[in-house]
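File shown: coords06.txt. Contents: compact mmCIF, C-alpha atoms.
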# COMPACT_ATOMS: atom_id res chain seq x y z
CA MET A 1 0.64 5.56 -3.87
CA ILE A 2 -0.94 8.89 -3.08
CA PHE A 3 1.14 11.36 -1.10
CA PRO A 4 -1.27 14.06 0.17
CA LYS A 5 -0.20 17.58 1.01
CA ASP A 6 -2.48 17.72 4.03
CA ASP A 7 -1.88 15.97 7.31
CA LEU A 8 -3.25 12.61 6.13
CA PRO A 9 -1.81 9.13 5.75
CA VAL A 10 -0.26 7.97 2.50
CA TRP A 11 -2.62 5.81 0.48
CA GLY A 12 -0.94 2.72 -0.86
CA ALA A 13 -1.97 -0.26 -2.93
CA ASP A 14 0.82 -2.80 -3.27
CA PHE A 15 -0.10 -5.86 -5.33
CA VAL A 16 3.01 -7.91 -6.03
CA SER A 17 2.96 -11.07 -8.15
CA LEU A 18 5.72 -13.53 -7.37
CA PRO A 19 6.92 -16.68 -9.13
CA GLY A 20 4.81 -19.76 -8.51
CA ASN A 21 1.50 -17.86 -8.75
CA LYS A 22 2.00 -16.32 -5.31
CA ASN A 23 0.82 -12.79 -4.61
CA LEU A 24 1.31 -10.26 -1.84
CA LEU A 25 -1.39 -7.66 -1.20
CA LEU A 26 -1.20 -4.58 0.99
CA LEU A 27 -3.97 -2.02 0.72
CA ASP A 28 -3.80 0.70 3.34
CA ALA A 29 -4.01 4.32 4.40
CA GLN A 30 -0.50 4.20 5.82
CA PRO A 31 0.30 6.29 8.89
CA VAL A 32 3.51 8.23 8.45
CA GLY A 33 3.53 10.63 11.35
CA GLY A 34 0.55 12.86 10.62
CA ASP A 35 -1.64 14.13 13.45
CA VAL A 36 -4.95 13.10 11.87
CA ASP A 37 -6.25 9.67 12.94
CA CYS A 38 -8.13 8.36 9.91
CA SER A 39 -8.51 4.78 11.10
CA PRO A 40 -12.20 5.13 12.11
CA ALA A 41 -13.06 5.92 8.48
CA PHE A 42 -11.77 2.49 7.45
CA ARG A 43 -13.20 0.37 10.29
CA ASP A 44 -16.40 -0.69 8.46
CA TRP A 45 -14.48 -1.28 5.23
CA TYR A 46 -12.06 -3.52 7.11
CA ASP A 47 -14.83 -5.51 8.81
CA THR A 48 -16.53 -6.03 5.43
CA HIS A 49 -13.54 -7.09 3.33
CA ILE A 50 -10.94 -8.71 5.58
CA PRO A 51 -12.86 -12.00 5.99
CA ASP A 52 -12.52 -12.49 2.19
CA PHE A 53 -8.73 -12.73 2.30
CA PRO A 54 -6.25 -14.85 4.29
CA TRP A 55 -4.00 -12.94 6.69
CA GLY A 56 -0.55 -12.27 5.26
CA GLY A 57 1.37 -13.11 8.42
CA ASP A 58 3.58 -11.03 10.66
CA LEU A 59 5.11 -7.99 9.00
CA PRO A 60 8.79 -7.23 9.57
CA GLU A 61 9.28 -4.90 12.52
CA PRO A 62 10.58 -1.92 10.46
CA VAL A 63 7.43 -2.09 8.29
CA GLN A 64 4.94 -2.19 11.17
CA GLN A 65 5.18 1.54 11.90
CA TYR A 66 3.90 2.24 8.37
CA VAL A 67 0.91 -0.09 8.37
CA SER A 68 -2.42 0.80 9.96
CA LYS A 69 -4.53 -1.56 12.02
CA TYR A 70 -7.13 -1.53 9.21
CA ALA A 71 -4.86 -2.65 6.38
CA LEU A 72 -5.64 -5.46 4.00
CA TRP A 73 -2.47 -7.57 4.20
CA SER A 74 -2.69 -10.92 2.49
CA ARG A 75 -0.76 -13.63 0.69
CA LEU A 76 -2.71 -15.34 -2.08
CA GLU A 77 -1.70 -18.42 -4.00
CA ASN A 78 -3.23 -19.59 -7.26
CA PHE A 79 -4.80 -16.19 -7.85
CA ASP A 80 -6.86 -17.24 -10.86
CA ASP A 81 -10.29 -17.30 -9.26
CA SER A 82 -12.56 -14.65 -10.78
CA SER A 83 -14.54 -14.30 -7.53
CA THR A 84 -11.32 -13.40 -5.68
CA GLU A 85 -10.50 -10.86 -8.39
CA GLU A 86 -13.95 -9.31 -8.00
CA GLN A 87 -13.64 -9.18 -4.21
CA LEU A 88 -10.22 -7.56 -4.49
CA TYR A 89 -11.41 -5.03 -7.06
CA GLU A 90 -14.41 -4.11 -4.90
CA ALA A 91 -12.21 -3.74 -1.80
CA PHE A 92 -9.73 -1.62 -3.77
CA CYS A 93 -12.40 0.71 -5.21
CA GLN A 94 -14.16 1.20 -1.88
CA HIS A 95 -10.88 1.84 -0.03
CA LEU A 96 -9.73 4.41 -2.59
CA SER A 97 -13.13 6.11 -2.46
CA LEU A 98 -12.98 6.36 1.34
CA TYR A 99 -9.49 7.80 1.14
CA LEU A 100 -10.44 10.38 -1.50
CA ASP A 101 -13.40 11.43 0.66
CA LEU A 102 -10.92 12.09 3.48
CA VAL A 103 -8.73 14.17 1.17
CA VAL A 104 -11.71 16.25 0.04
CA THR A 105 -13.10 16.81 3.55
CA ASN A 106 -9.81 17.21 5.46
CA THR A 107 -9.41 20.65 6.98
CA ALA A 108 -6.24 20.01 8.97
CA GLY A 109 -4.16 22.06 6.58
CA GLY A 110 -0.88 20.76 7.97
CA THR A 111 2.08 19.39 6.08
CA LEU A 112 2.61 15.68 6.14
CA GLU A 113 6.06 14.65 7.23
CA CYS A 114 6.53 11.56 5.10
CA GLN A 115 10.13 11.80 3.91
CA ASP A 116 11.17 8.96 6.23
CA TYR A 117 8.44 6.78 4.76
CA VAL A 118 9.38 7.60 1.15
CA LYS A 119 13.04 6.90 1.94
CA TYR A 120 12.15 3.60 3.61
CA ARG A 121 10.03 2.50 0.63
CA LEU A 122 12.69 3.53 -1.87
CA GLU A 123 15.43 1.65 -0.03
CA ASN A 124 13.35 -1.47 0.67
CA ASP A 125 11.14 -1.88 -2.37
CA PRO A 126 10.65 -5.63 -2.85
CA ALA A 127 10.34 -5.28 -6.63
CA ARG A 128 13.85 -3.83 -7.05
CA PRO A 129 15.68 -7.15 -7.70
CA MET A 130 13.10 -8.29 -10.24
CA LEU A 131 13.06 -4.93 -12.02
CA LYS A 132 16.87 -4.87 -12.16
CA ARG A 133 16.94 -8.32 -13.75
CA LEU A 134 14.31 -7.34 -16.32
CA TYR A 135 15.28 -3.74 -17.13
CA GLY A 136 18.72 -3.08 -15.70
CA GLU A 137 19.92 -1.06 -12.75
CA GLU A 138 19.84 2.40 -14.33
CA TRP A 139 16.22 2.14 -15.51
CA THR A 140 15.10 0.57 -12.21
CA GLU A 141 16.67 3.25 -10.03
CA HIS A 142 15.30 6.01 -12.27
CA VAL A 143 11.74 4.64 -12.01
CA LEU A 144 11.94 4.04 -8.26
CA GLU A 145 13.47 7.46 -7.49
CA ASN A 146 11.47 9.59 -9.92
CA LEU A 147 8.16 7.86 -10.45
CA LEU A 148 7.28 5.54 -7.60
CA PHE A 149 8.97 7.19 -4.61
CA PRO A 150 9.94 10.74 -5.55
CA SER A 151 11.29 13.19 -3.00
CA LEU A 152 8.47 15.43 -1.91

Output the structure of this file as structure tokens.
Amino acid sequence: MIFPKDDLPVWGADFVSLPGNKNLLLLDAQPVGGDVDCSPAFRDWYDTHIPDFPWGGDLPEPVQQYVSKYALWSRLENFDDSSTEEQLYEAFCQHLSLYLDLVVTNTAGGTLECQDYVKYRLENDPARPMLKRLYGEEWTEHVLENLLFPSL
């Protein structure tokens, strides 16, 4: 996750591996209330890469406000195909590059109001149960609160 200081969306890359060789992917410049509409910058990227991945299905209603219309949202099973890995890596690198270009060229100068988004992600992180089982509650909460979703 990248939380910019300017009035830009939060950049997020969520790649979650689940039991049974199932994987969830969400790659997005996530709108969180900023005034700058960055979606046109990702339109060509979306048109290029989305056909390579199956659609992930309907997102829960509380999540929808934090996902742009040009997000890569997919569910992959049997993710052991090297061509899929290459496609995902290429999509990831190009998306991050587009986002960093926006950060460098943004002149809005505003302050992004993303505390609601950070709070939502902290409270609803899908990895929490797995991390608690593996590392315990104290470690999990420390990592979520201080590393992954810190207060800004």

task = Find the spatial neighbours of Lys22 (chain A), counting only C-alpha atoms, within a cut-off of 6 Å - ignore same-chain residues fewer than 2 positions away - and output them as a list of chain:residue names.
result =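 In the requested format, the answer is A:Leu18, A:Gly20, A:Leu76, A:Glu77.
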
Which residue of A:Gly136, A:Gly12, A:Pro126, A:Pro19 approaches Ala71 (chain A) most closely, using only C-alpha atoms =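 Once distances to Ala71 (chain A) are computed over only C-alpha atoms, the minimum belongs to A:Gly12.
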
May I have a table of the residues of region 2-25 of chain A lying at most 12 Å from region 83-95 of chain A, giving each one's closest pair of atoms and their distance in Å to one decimal, counting all atoms listed in the file, ordered by chain and ascending residue number, as a Markdown table?
| residue | atom | partner | partner_atom | distance |
| --- | --- | --- | --- | --- |
| A:Trp11 | CA | A:His95 | CA | 9.2 |
| A:Gly12 | CA | A:His95 | CA | 10.0 |
| A:Ala13 | CA | A:Phe92 | CA | 7.9 |
| A:Asp14 | CA | A:Phe92 | CA | 10.6 |
| A:Phe15 | CA | A:Leu88 | CA | 10.3 |
| A:Leu25 | CA | A:Leu88 | CA | 9.4 |

note = Val118 (chain A) proximity check over A:Pro150, A:Pro54, A:Pro4, A:Pro9, using all atoms listed in the file: winner is A:Pro150

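Nearest residue to Ile50 (chain A), choosing from A:Leu148, A:Leu72, A:Met1, A:Val16 and counting only C-alpha atoms: A:Leu72.
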
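Shortest atom-to-atom contact with Ala127 (chain A) among A:Ser17, A:Asp101, A:Arg43, A:Pro60: A:Ser17, counting all atoms listed in the file.
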
Top pick for closest residue to Asp47 (chain A), considering A:Leu144, A:Tyr70, A:Tyr99, A:Leu134 and counting only C-alpha atoms =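 Among the listed residues, A:Tyr70 lies closest to Asp47 (chain A).
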
Neighbours of point (-2.7, -8.8, 5.5) within 9 Å, using only C-alpha atoms, written as a ChimeraX atom specification = /A:24-27,50,53-59,71-75

query = Quick one: distance from CA of Arg121 (chain A) to CA of Gln65 (chain A) in Å, one decimal?
reply =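 Answer for the CA of Arg121 (chain A) to CA of Gln65 (chain A) separation: 12.3 Å.
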
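With distances taken over all atoms listed in the file, A:Val103 is the one residue among A:Tyr46, A:Pro129, A:Tyr135, A:Val103 lying closest to Val10 (chain A).
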
message = Quick check, in Å to one decimal: how far apart do CA of Arg128 (chain A) and CA of Glu141 (chain A) lie?
response =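 Between CA of Arg128 (chain A) and CA of Glu141 (chain A) the gap is 8.2 Å.
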
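Here CA of Glu145 (chain A) and CA of Ala29 (chain A) stand 21.4 Å from one another.
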